[in-house]
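Working notes, beginning with the structure itself.
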Amino acid sequence: MRTAYTPILSACLLLMGLCGCGGSEAADSDDHHLEHFVPAHKPASYSEAIHEIEHRAEHLSDHAGHGHDDEASEFQELQDIVGWLPELAADSDLKEADWNKANTAAKALTSTLATKISADGSLDVKMLPKAIASEIQMLDSLVAAAGKPEPKIHHGHDHGHDHGHEHEHEHEHEHEHDDHEHDEDDHDEDEHEEHENAGN
């Protein structure tokens with residue numbers, strides 16, 4: 001037996017279903033956005049990562065003990081870059097054996113950086129470049145095998161060269177056309193002189 005509440009219940013269930021779908025789509029959209037979020041300090045390639053690690057370690061060392069406000073955040077970014085090394089190495093041209101070397105060196109770097117954080121949270125980075133020198137040397141030795149990003153192709157020079165070539169070709173064509181017209185004029189003059197001589 002149907003009651004007066006049946007249509008109301010059905011409407012409520014329908015609204016709940018619609019709200020649930022909307023919430024699911026919003027959650028999927030947020031997850032999709034997070035998956036494609038790339039931090040600004042993430043290097044684009046393996047070779048760039050090695051350069052960034054060296055540069056940042058030297059920067060931290062040079063400013064150690066000077067009350068640098070951004071020291072903690074810069075150190076965290078350095079740790080992030082070291083953590084991305086295996087991924088960047090995998091995206092490079094490194095063979096499996098070389099990737100294993102890069103991965104081992106990255107783990108060693110992670111361990112070394114962890115020792116630079118004291119119990120009270122302060123950082124001991126004065127001698128950081130020296131502390132990671134051997135790992136950096138190993139990672140740097142693999143840069144050539146990893147390959148470098150493709151350089152941007154500039155078409156301006158080629159375009160100018162082609163344009164100049166086409167212009168030269170057009171100039172030659174015009175020159176040949178003028179010579180042809182000049183030859184026709186000479187031919188007409190010769191025929192006119194022959195006609196006058198025949199009349200005389």
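Residues in the structure tokens are numbered from 1 in each chain, the chains being A, B, ... in the order shown, and ligands are numbered from 1 in the order shown.
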Subject >> Residue set, region 43-146 of chain A restricted to alpha helix (DSSP H), as a PyMOL selection string >> reply: chain A and resi 46-62+71-90+96-114+128-131+133-140+143-146
**OP:** Quote the spacing between CA of Lys130 (chain A) and CA of His68 (chain A) in Å to one decimal place.
**Re:**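 Here the two named atoms are 20.5 Å from each other.
With only C-alpha atoms taken into account, the protein and nucleic acid residues at most 9 Å from Val82 (chain A) (excluding it and anything under 6 positions from it in its own chain) are Ala49, Ile50, Ile53, Ala106, Lys107, Leu109 and Thr110 of chain A.
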Write the residues of the selection above to a file with C-alpha atoms, as a tab-separated table (two decimals), in the first residue's frame.
chain	number	residue	atom	x	y	z
A	49	ALA	CA	68.84	18.72	-10.85
A	50	ILE	CA	72.56	18.10	-10.31
A	53	ILE	CA	71.86	20.59	-5.80
A	106	ALA	CA	70.57	9.92	-4.18
A	107	LYS	CA	69.93	7.72	-1.14
A	109	LEU	CA	72.59	12.31	-0.26
A	110	THR	CA	69.28	11.92	1.55
Subject >> Shell of 12 Å around Ala144 (chain A), only C-alpha atoms, local chain residues under 2 positions omitted, as a count of residues only >> reply: 18
**OP:** Identify which of the residues A:Ala131, A:Glu77, A:Ile136, A:Ala90 lies closest to Ala105 (chain A), counting only C-alpha atoms when measuring atom-to-atom distances.
**Re:**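 For Ala105 (chain A), the nearest of the candidates is A:Ile136.
Atom to atom, CA of His51 (chain A) and CA of Gly65 (chain A) stand 23.8 Å apart.
Taking only C-alpha atoms into account, Phe75 (chain A) lies nearest to A:Leu128 out of the set A:Leu128, A:Ala133, A:Ala119, A:Ala145.
Excluding Ala57 (chain A) itself and same-chain residues fewer than 4 positions from it, the residues having an atom within 9 Å of it are Glu52, Ile53, Ser61, Asp62, Phe75, Leu78, Val125, Leu128, Pro129 and Ile132 of chain A, counting only C-alpha atoms.
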Those same residues, written as a compact mmCIF listing (two decimals), in the first residue's frame with N, CA and C atoms?
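Written file, selection_23.txt:
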# COMPACT_ATOMS: atom_id res chain seq x y z
N GLU A 52 71.33 22.23 -9.67
CA GLU A 52 70.58 22.87 -8.58
C GLU A 52 71.08 22.40 -7.21
N ILE A 53 71.37 21.11 -7.08
CA ILE A 53 71.86 20.59 -5.80
C ILE A 53 73.19 21.23 -5.43
N SER A 61 75.69 26.96 2.45
CA SER A 61 76.97 27.00 3.17
C SER A 61 77.47 28.43 3.32
N ASP A 62 77.35 29.22 2.25
CA ASP A 62 77.84 30.60 2.27
C ASP A 62 77.07 31.48 3.26
N PHE A 75 66.54 24.63 2.55
CA PHE A 75 67.05 23.29 2.86
C PHE A 75 66.00 22.23 2.50
N LEU A 78 66.01 21.70 -1.16
CA LEU A 78 67.16 20.89 -1.53
C LEU A 78 66.85 19.41 -1.31
N VAL A 125 74.94 23.45 8.13
CA VAL A 125 75.19 23.36 6.68
C VAL A 125 76.47 24.07 6.24
N LEU A 128 78.44 21.73 4.14
CA LEU A 128 77.58 20.87 3.32
C LEU A 128 78.17 20.50 1.97
N PRO A 129 78.74 21.44 1.20
CA PRO A 129 79.30 21.06 -0.10
C PRO A 129 80.37 19.96 0.00
N ILE A 132 78.87 16.39 0.73
CA ILE A 132 78.18 15.68 -0.36
C ILE A 132 79.02 15.62 -1.64
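One distance worth recording is that between CA of Ala97 (chain A) and CA of Leu85 (chain A), which is 15.1 Å.
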Subject >> Best match for closeness to Lys42 (chain A) among A:Arg56, A:Ala64, A:Pro86, A:Asp80, counting only C-alpha atoms >> reply: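 Under the stated criterion, the closest residue is A:Asp80.
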